[in-house]
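Student: This is start-v2.txt (compact mmCIF, C-alpha atoms).
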# COMPACT_ATOMS: atom_id res chain seq x y z
CA MET A 1 99.87 119.39 118.60
CA PRO A 2 102.36 121.48 116.63
CA ALA A 3 102.30 125.21 117.28
CA SER A 4 101.65 126.10 113.65
CA ALA A 5 99.80 124.28 110.89
CA TRP A 6 101.76 125.94 108.10
CA PRO A 7 104.68 123.46 108.08
CA LEU A 8 102.22 120.56 108.01
CA LEU A 9 100.31 122.15 105.14
CA ALA A 10 103.60 122.50 103.30
CA LEU A 11 104.37 118.81 103.83
CA TRP A 12 100.87 117.88 102.67
CA ALA A 13 101.39 119.91 99.50
CA ALA A 14 104.87 118.46 98.97
CA ALA A 15 103.55 114.88 99.26
CA ALA A 16 100.66 115.61 96.91
CA LEU A 17 102.91 117.30 94.33
CA GLY A 18 105.48 114.52 94.62
CA THR A 19 102.81 111.85 94.14
CA TRP A 20 101.40 113.67 91.10
CA ALA A 21 104.88 113.93 89.57
CA THR A 22 105.58 110.26 90.29
CA LEU A 23 102.29 109.28 88.65
CA ARG A 24 103.35 111.00 85.45
CA TYR A 25 106.80 109.41 85.68
CA ALA A 26 105.39 105.91 86.33
CA ARG A 27 103.08 106.15 83.33
CA ARG A 28 105.92 107.31 81.12
CA ARG A 29 108.32 104.59 82.33
CA ARG A 30 105.54 101.98 82.44
CA LEU A 31 106.03 101.15 86.11
CA ILE A 32 102.73 99.29 86.23
CA ASP A 33 101.37 96.60 88.54
CA LEU A 34 99.33 94.18 86.45
CA PRO A 35 96.38 92.17 87.84
CA GLY A 36 97.04 88.52 88.63
CA GLU A 37 96.23 85.59 90.88
CA ARG A 38 98.52 86.94 93.58
CA ARG A 39 97.18 90.48 93.47
CA SER A 40 93.96 92.05 94.75
CA HIS A 41 93.39 94.68 92.07
CA ALA A 42 91.56 94.28 88.76
CA VAL A 43 93.12 96.94 86.52
CA PRO A 44 96.74 97.84 85.64
CA THR A 45 97.88 100.55 88.06
CA PRO A 46 101.10 102.62 88.27
CA ARG A 47 103.31 102.10 91.31
CA GLY A 48 105.90 104.09 93.23
CA GLY A 49 103.65 106.91 94.43
CA GLY A 50 105.07 106.63 97.94
CA LEU A 51 108.09 108.56 96.69
CA GLY A 52 106.00 111.65 97.39
CA ILE A 53 105.65 110.61 101.05
CA ALA A 54 109.37 109.89 101.41
CA SER A 55 110.27 113.23 99.81
CA ALA A 56 107.91 115.12 102.11
CA LEU A 57 109.40 113.41 105.17
CA LEU A 58 112.90 114.40 104.11
CA LEU A 59 111.72 117.97 103.59
CA GLY A 60 110.16 117.97 107.04
CA CYS A 61 113.36 116.60 108.54
CA ALA A 62 115.38 119.43 106.97
CA TRP A 63 112.89 122.05 108.17
CA ALA A 64 112.80 120.73 111.75
CA THR A 65 116.60 120.71 111.89
CA ALA A 66 116.90 124.24 110.49
CA ALA A 67 114.29 125.46 112.99
CA GLY A 68 116.26 123.93 115.87
CA MET A 69 113.41 121.61 116.81
CA VAL A 70 115.36 118.37 116.31
CA ALA A 71 118.97 117.56 117.17
CA PRO A 72 121.08 117.47 113.98
CA VAL A 73 122.51 114.02 114.74
CA ALA A 74 119.07 112.49 115.28
CA ALA A 75 117.68 114.21 112.18
CA LEU A 76 120.60 113.03 110.04
CA ALA A 77 120.21 109.47 111.30
CA PHE A 78 116.48 109.47 110.57
CA ALA A 79 117.02 110.92 107.09
CA ALA A 80 119.86 108.53 106.26
CA GLY A 81 117.82 105.50 107.28
CA LEU A 82 114.83 106.76 105.31
CA VAL A 83 116.96 107.24 102.21
CA LEU A 84 118.29 103.69 102.55
CA VAL A 85 114.87 102.08 102.93
CA ALA A 86 113.02 104.23 100.40
CA GLY A 87 115.96 104.07 98.01
CA ILE A 88 116.14 100.27 97.92
CA GLY A 89 112.36 100.22 97.54
CA TRP A 90 112.52 102.65 94.60
CA VAL A 91 115.11 100.46 92.89
CA ASP A 92 112.97 97.39 93.54
CA ASP A 93 109.97 99.16 92.00
CA HIS A 94 111.99 99.40 88.78
CA ARG A 95 113.56 95.94 88.80
CA PRO A 96 112.99 93.21 91.40
CA LEU A 97 115.78 92.69 93.94
CA SER A 98 116.41 89.69 96.13
CA PRO A 99 114.62 89.60 99.51
CA ALA A 100 117.97 89.07 101.22
CA LEU A 101 119.44 92.27 99.79
CA ARG A 102 116.36 94.30 100.77
CA LEU A 103 116.47 92.88 104.30
CA LEU A 104 120.18 93.69 104.59
CA VAL A 105 119.58 97.32 103.65
CA GLN A 106 116.63 97.54 106.05
CA CYS A 107 118.79 96.23 108.89
CA LEU A 108 121.48 98.76 107.98
CA ALA A 109 118.86 101.51 108.15
CA GLY A 110 117.77 100.21 111.55
CA ALA A 111 121.36 100.32 112.78
CA VAL A 112 121.81 103.90 111.55
CA LEU A 113 118.59 104.99 113.26
CA ALA A 114 119.49 103.22 116.50
CA LEU A 115 122.97 104.74 116.66
CA GLY A 116 121.71 108.21 115.80
CA LEU A 117 118.93 108.22 118.37
CA PHE A 118 120.45 106.29 121.25
CA GLY A 119 124.13 105.58 120.53
CA ALA A 120 125.50 108.66 122.29
CA ASP A 121 123.45 107.95 125.44
CA GLY A 122 124.50 104.32 125.65
CA CYS A 123 120.86 103.17 125.83
CA ARG A 124 121.43 99.68 124.51
CA GLY A 125 117.88 98.50 125.14
CA TRP A 126 116.30 101.32 123.16
CA ALA A 127 118.95 101.05 120.46
CA LEU A 128 118.23 97.35 120.05
CA LEU A 129 114.50 98.04 119.92
CA ALA A 130 114.97 100.69 117.23
CA PHE A 131 117.23 98.39 115.23
CA ALA A 132 114.67 95.55 115.30
CA ALA A 133 111.63 97.75 114.73
CA VAL A 134 112.80 99.00 111.33
CA PRO A 135 112.96 95.71 109.37
CA VAL A 136 109.87 94.40 111.19
CA LEU A 137 107.58 97.33 110.39
CA VAL A 138 109.01 97.89 106.92
CA ASN A 139 108.13 94.32 106.00
CA VAL A 140 104.78 94.42 107.80
CA TRP A 141 103.74 97.46 105.77
CA ASN A 142 105.06 95.85 102.61
CA PHE A 143 103.08 92.65 103.29
CA MET A 144 99.89 94.56 104.09
CA ASP A 145 100.03 97.01 101.20
CA GLY A 146 97.66 95.15 98.91
CA ILE A 147 94.38 97.05 98.49
CA ASP A 148 93.38 100.66 97.91
CA GLY A 149 94.04 102.96 100.85
CA LEU A 150 94.76 100.29 103.45
CA ALA A 151 98.45 100.84 104.18
CA THR A 152 98.19 104.63 104.06
CA THR A 153 95.12 104.97 106.28
CA GLN A 154 96.68 102.65 108.82
CA ALA A 155 99.90 104.66 108.79
CA LEU A 156 97.90 107.90 109.18
CA ILE A 157 96.02 106.60 112.22
CA CYS A 158 99.14 105.10 113.79
CA ALA A 159 101.16 108.28 113.21
CA CYS A 160 98.57 110.48 114.93
CA VAL A 161 98.18 108.18 117.94
CA LEU A 162 101.92 107.68 118.38
CA ALA A 163 102.51 111.43 118.06
CA LEU A 164 100.04 111.98 120.91
CA LEU A 165 101.74 109.30 123.00
CA ALA A 166 105.24 110.69 122.44
CA PRO A 167 106.69 113.77 124.16
CA ALA A 168 106.03 117.01 122.26
CA GLN A 169 109.25 117.26 120.26
CA ALA A 170 109.50 113.48 119.73
CA GLY A 171 106.00 113.53 118.26
CA LEU A 172 106.95 115.85 115.39
CA PRO A 173 107.78 112.99 112.96
CA GLY A 174 104.32 111.57 113.63
CA TRP A 175 102.56 114.77 112.60
CA ALA A 176 104.86 115.06 109.59
CA LEU A 177 104.01 111.51 108.52
CA ALA A 178 100.29 112.17 108.99
CA ALA A 179 100.50 115.25 106.77
CA ALA A 180 102.42 113.35 104.10
CA CYS A 181 99.86 110.52 104.16
CA CYS A 182 97.06 113.04 103.66
CA GLY A 183 98.86 114.37 100.61
CA PHE A 184 99.15 110.92 99.06
CA LEU A 185 95.81 109.43 100.08
CA PRO A 186 93.56 111.11 97.45
CA PHE A 187 95.63 109.40 94.75
CA ASN A 188 95.13 105.99 96.38
CA PHE A 189 91.67 105.99 97.97
CA PRO A 190 88.80 105.30 97.45
CA LYS A 191 90.02 104.31 93.96
CA ALA A 192 93.75 103.95 93.42
CA ARG A 193 95.30 105.90 90.58
CA ILE A 194 98.75 104.92 91.82
CA PHE A 195 100.10 102.46 94.40
CA LEU A 196 102.63 103.17 97.13
CA GLY A 197 105.16 100.74 95.70
CA ASP A 198 108.02 99.39 97.79
CA VAL A 199 109.40 102.92 98.11
CA GLY A 200 106.18 103.98 99.84
CA SER A 201 105.48 100.97 102.02
CA GLY A 202 109.12 101.02 103.11
CA ALA A 203 109.01 104.72 103.95
CA LEU A 204 105.83 104.25 106.01
CA GLY A 205 107.18 101.26 107.92
CA TYR A 206 110.50 102.98 108.61
CA ALA A 207 108.92 106.23 109.81
CA LEU A 208 106.48 104.36 112.04
CA ALA A 209 109.34 102.37 113.56
CA ALA A 210 111.12 105.59 114.52
CA ILE A 211 107.95 107.19 115.86
CA ALA A 212 106.93 104.08 117.81
CA VAL A 213 110.30 103.85 119.53
CA ALA A 214 110.17 107.56 120.37
CA ALA A 215 106.71 107.06 121.88
CA ALA A 216 107.84 103.98 123.81
CA ALA A 217 110.81 105.89 125.21
CA ARG A 218 108.52 108.50 126.78
CA THR A 219 108.90 106.86 130.20
CA GLY A 220 112.68 106.81 129.92
CA ARG A 221 112.89 103.07 130.43
CA ILE A 222 111.55 99.82 129.05
CA ASP A 223 108.79 98.80 131.45
CA GLY A 224 105.35 97.26 131.61
CA ALA A 225 103.80 100.17 129.72
CA THR A 226 106.02 99.72 126.65
CA PRO A 227 103.58 97.37 124.83
CA VAL A 228 101.01 100.20 124.72
CA VAL A 229 102.71 101.58 121.59
CA LEU A 230 101.84 98.32 119.81
CA LEU A 231 98.09 98.98 120.10
CA PRO A 232 97.69 101.37 117.15
CA LEU A 233 99.88 99.02 115.09
CA SER A 234 97.99 95.91 116.17
CA ALA A 235 95.72 95.47 113.12
CA PHE A 236 98.71 95.11 110.82
CA LEU A 237 100.95 93.33 113.32
CA VAL A 238 98.35 90.63 114.01
CA ASP A 239 97.32 90.04 110.39
CA ALA A 240 100.90 90.01 109.12
CA SER A 241 102.36 87.83 111.90
CA MET A 242 99.49 85.34 112.05
CA THR A 243 99.45 84.95 108.27
CA LEU A 244 103.22 84.58 108.10
CA GLY A 245 103.23 82.02 110.91
CA GLY A 246 100.50 80.00 109.24
CA ARG A 247 102.33 79.96 105.92
CA ILE A 248 105.59 78.86 107.56
CA LEU A 249 103.83 76.06 109.45
CA ALA A 250 102.16 74.95 106.21
CA GLY A 251 105.55 74.70 104.52
CA GLU A 252 104.74 77.39 101.95
CA ARG A 253 107.34 79.63 100.32
CA TRP A 254 106.38 82.47 102.62
CA TRP A 255 108.61 85.09 100.99
CA LEU A 256 106.67 84.96 97.71
CA PRO A 257 103.61 87.18 96.93
CA HIS A 258 100.28 85.71 98.02
CA VAL A 259 96.67 86.60 98.80
CA SER A 260 96.18 84.83 102.12
CA HIS A 261 96.06 87.81 104.49
CA LEU A 262 92.68 88.36 106.08
CA TYR A 263 92.09 91.59 104.16
CA GLN A 264 92.90 89.81 100.89
CA ARG A 265 90.54 86.94 101.70
CA TRP A 266 87.74 89.44 102.35
CA VAL A 267 88.33 91.12 99.01
CA ARG A 268 88.42 87.81 97.17
CA ALA A 269 85.15 86.90 98.91
CA GLY A 270 83.51 89.93 97.28
CA ARG A 271 83.94 92.76 99.78
CA SER A 272 85.07 96.09 98.35
CA HIS A 273 88.46 97.68 98.99
CA VAL A 274 86.70 100.64 100.61
CA ALA A 275 84.72 98.46 103.02
CA VAL A 276 87.74 96.41 104.11
CA THR A 277 89.91 99.50 104.52
CA LEU A 278 87.24 101.15 106.69
CA VAL A 279 86.89 98.03 108.87
CA TYR A 280 90.63 98.03 109.52
CA ALA A 281 90.55 101.79 110.16
CA SER A 282 87.74 101.36 112.70
CA PHE A 283 89.69 98.66 114.52
CA SER A 284 92.83 100.81 114.66
CA LEU A 285 90.91 103.85 115.86
CA MET A 286 89.54 101.80 118.76
CA ALA A 287 93.02 100.51 119.52
CA GLY A 288 94.42 104.04 119.36
CA ILE A 289 91.78 105.39 121.74
CA LEU A 290 92.60 102.57 124.15
CA ALA A 291 96.32 103.37 123.91
CA LEU A 292 95.69 107.03 124.72
CA ALA A 293 93.46 106.05 127.64
CA LEU A 294 96.23 103.86 129.03
CA ASN A 295 98.94 106.48 128.61
CA GLN A 296 98.75 107.67 132.21
CA ALA A 297 97.86 104.32 133.76
CA GLU A 298 100.15 102.32 136.01
CA PRO A 299 102.72 100.40 133.92
CA TRP A 300 101.51 96.98 135.06
CA LEU A 301 97.90 97.86 134.16
CA ALA A 302 98.78 99.47 130.82
CA GLY A 303 100.99 96.59 129.79
CA GLY A 304 98.48 93.97 130.91
CA VAL A 305 95.61 95.55 128.99
CA ALA A 306 97.82 95.96 125.91
CA VAL A 307 98.81 92.29 125.95
CA LEU A 308 95.17 91.27 126.47
CA TRP A 309 94.13 93.41 123.47
CA LEU A 310 96.75 91.75 121.28
CA LEU A 311 95.60 88.31 122.42
CA LEU A 312 91.96 89.12 121.71
CA ALA A 313 92.94 90.55 118.33
CA ALA A 314 94.71 87.29 117.45
CA ILE A 315 91.68 85.24 118.50
CA THR A 316 89.40 87.51 116.47
CA TRP A 317 91.69 87.08 113.47
CA LEU A 318 91.41 83.29 113.76
CA LEU A 319 87.61 83.43 113.96
CA LEU A 320 87.27 85.85 111.04
CA ARG A 321 89.68 83.88 108.91
CA ARG A 322 87.49 80.81 109.21
CA THR A 323 84.55 82.74 107.78
CA ALA A 324 86.51 84.18 104.86
CA THR A 325 86.74 82.16 101.67
CA HIS A 326 89.72 81.83 99.37
In structure tokens, write the structure found in this file.
Tutor:
Amino acid sequence: MPASAWPLLALWAAAALGTWATLRYARRRRLIDLPGERRSHAVPTPRGGGLGIASALLLGCAWATAAGMVAPVAALAFAAGLVLVAGIGWVDDHRPLSPALRLLVQCLAGAVLALGLFGADGCRGWALLAFAAVPVLVNVWNFMDGIDGLATTQALICACVLALLAPAQAGLPGWALAAACCGFLPFNFPKARIFLGDVGSGALGYALAAIAVAAAARTGRIDGATPVVLLPLSAFLVDASMTLGGRILAGERWWLPHVSHLYQRWVRAGRSHVAVTLVYASFSLMAGILALALNQAEPWLAGGVAVLWLLLAAITWLLLRRTATH
């Protein structure tokens, strides 16, 4: 845990203030998500509130650098990638951009992060992992950001678990992200007054990619224990990947908005946003506890249990999906 809670309280306040200001801005500019067949909400709701989270993360990055807690090159790389991802999301919240352009910018952000964190050390494996993790998790969080509180509570849980898995200094971004999520969450759960928007889901996915790679690198090498960092992310990874795979196999236009994720099916079947969000949170808490329990285990055991968990999660997803109605 961080030595002092004051910086985290400051980030919490910054995220809350930034979200409040964005809410006023979104109402004035009419940045509103309207209900529809491909959405899971019933009332018009402002979007773009995740700008408060992105702003708080940048503030935390500047503070950590000034305090000498993070290497300037790594901090600059993290901040630059965050600006790229959150920036393209903010533009997309105002006027839709092509998926190809968004993906290109996300990959550029991944390259910047990879070079900043691992380029000087010549760690090609970790650099490649960081590069790939950014577009994957940015899009996973974008896909799964569809009901009140879901994406933010998942990011909060993942950030805390990954911060505990990572070495002390490498875990700082995790605690910063957790604080920022706490600042935003009252505006989005249990009843959303504003949505994350692409700026917010992108910022969450990007930050989690950086934190996950830092946690995975705790052993200094890619080994059997590396999959353990996927456990706290598993609820979103399984739902997003299984849904995407099913849509591709069915010949659907998978890049378009839809309501076929498991959480969306539950909501359309009559379950409340609060209930579904809490079910996902419970699953991720169990996965996080398992990840922490495996942290000191032998690599072969940790990796084997992690893979088994992911397999069981996929099977559970298939069984639950059959019981959910369209």
Student: Which one of A:Leu58, A:Leu103, A:Ile211, A:Leu108 sits closest to A:Asn142 if you count only C-alpha atoms?
Tutor: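 Checking each of A:Leu58, A:Leu103, A:Ile211, A:Leu108 against A:Asn142, counting only C-alpha atoms, the winner is A:Leu103.
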Student: Atom CA of A:Leu311 and atom CA of A:Ser272, how far apart in Å?
Tutor: 27.4 Å
Student: Might you pull out every residue within 12 Å of A:Gln264, with all atoms listed in the file counted and same-chain residues fewer than 5 positions away left off, and present them as a PyMOL selection string?
Tutor: chain A and resi 37-41+143-148+150+239-240+243+257-259+269-273+276-277+321+324-326
Student: Point out the residue among A:Pro135, A:Gly116, A:Leu17, A:Pro46 with the least atom-to-atom distance to A:Pro99, counting all atoms listed in the file.
Tutor: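 Smallest separation from A:Pro99 among the options: A:Pro135.
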Student: Just the number, please: distance in Å from atom CA of A:Trp20 to atom CA of A:Leu59, one decimal.
Tutor: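 Interatomic distance here is 16.8 Å.
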Student: Identify which of the residues A:Leu290, A:Pro227, A:Ser201, A:Gly174 lies closest to A:Ala214, counting only C-alpha atoms when measuring atom-to-atom distances.
Tutor: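 Selected residue with least distance to A:Ala214: A:Gly174.
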Student: So which one's closest to A:Ala291, A:Ala180, A:Ala210, A:Leu164, A:Leu115? Using all atoms listed in the file, please.
Tutor: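 Checking each of A:Ala180, A:Ala210, A:Leu164, A:Leu115 against A:Ala291, counting all atoms listed in the file, the winner is A:Leu164.
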Student: If we count all atoms listed in the file and set the cut-off at 6 Å, which residues sit around stretch 69-83 of chain A, ignoring sequence neighbours fewer than 5 positions away in its own chain? Please answer as a VMD selection string.
Tutor: chain A and resid 64 109 112 to 113 116 to 117
Student: Kindly assemble as CSV a list of the stretch 77-131 of chain A residues that lie within 10 Å of stretch 47-56 of chain A, each paired with its nearest atom pair and their distance in Å to one decimal, using all atoms listed in the file, sorted first by chain and then by ascending residue number.
Tutor:
residue,atom,partner,partner_atom,distance
A:Ala79,CA,A:Ala54,CA,9.6
A:Leu82,CA,A:Ala54,CA,7.4
A:Val83,CA,A:Ala54,CA,8.1
A:Val85,CA,A:Ala54,CA,9.7
A:Ala86,CA,A:Ala54,CA,6.8
A:Gly87,CA,A:Leu51,CA,9.2
A:Gly89,CA,A:Gly48,CA,8.7
A:Trp90,CA,A:Gly48,CA,6.9
A:Val91,CA,A:Gly48,CA,9.9
A:Asp92,CA,A:Gly48,CA,9.7
A:Asp93,CA,A:Gly48,CA,6.5
A:His94,CA,A:Gly48,CA,8.9
Student: List every protein, DNA or RNA residue with an atom no more than 12 Å from (119.1, 92.3, 105.4) in the file's coordinates, counting all atoms listed in the file, and format the result as an mmCIF file with C-alpha atoms, keeping the file's coordinate frame.
Tutor:
data_model
loop_
_atom_site.group_PDB
_atom_site.id
_atom_site.type_symbol
_atom_site.label_atom_id
_atom_site.label_comp_id
_atom_site.auth_asym_id
_atom_site.auth_seq_id
_atom_site.Cartn_x
_atom_site.Cartn_y
_atom_site.Cartn_z
ATOM 1 C CA LEU A 84 118.290 103.690 102.550
ATOM 2 C CA VAL A 85 114.870 102.080 102.930
ATOM 3 C CA ILE A 88 116.140 100.270 97.920
ATOM 4 C CA LEU A 97 115.780 92.690 93.940
ATOM 5 C CA SER A 98 116.410 89.690 96.130
ATOM 6 C CA PRO A 99 114.620 89.600 99.510
ATOM 7 C CA ALA A 100 117.970 89.070 101.220
ATOM 8 C CA LEU A 101 119.440 92.270 99.790
ATOM 9 C CA ARG A 102 116.360 94.300 100.770
ATOM 10 C CA LEU A 103 116.470 92.880 104.300
ATOM 11 C CA LEU A 104 120.180 93.690 104.590
ATOM 12 C CA VAL A 105 119.580 97.320 103.650
ATOM 13 C CA GLN A 106 116.630 97.540 106.050
ATOM 14 C CA CYS A 107 118.790 96.230 108.890
ATOM 15 C CA LEU A 108 121.480 98.760 107.980
ATOM 16 C CA ALA A 109 118.860 101.510 108.150
ATOM 17 C CA GLY A 110 117.770 100.210 111.550
ATOM 18 C CA ALA A 111 121.360 100.320 112.780
ATOM 19 C CA PHE A 131 117.230 98.390 115.230
ATOM 20 C CA ALA A 132 114.670 95.550 115.300
ATOM 21 C CA VAL A 134 112.800 99.000 111.330
ATOM 22 C CA PRO A 135 112.960 95.710 109.370
ATOM 23 C CA VAL A 136 109.870 94.400 111.190
ATOM 24 C CA VAL A 138 109.010 97.890 106.920
ATOM 25 C CA ASN A 139 108.130 94.320 106.000
#
Student: Between atom CA of A:Pro190 and atom CA of A:Tyr206, measure the distance and give it in Å to one decimal.
Tutor: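 These atoms are spaced 24.5 Å apart.
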Student: Go through A:Ala133, A:Leu23, A:Val267, A:Leu256 one by one, measure the shortest atom-to-atom distance of each to A:Leu230 using all atoms listed in the file, and give the residue with the smallest value.
Tutor: A:Ala133
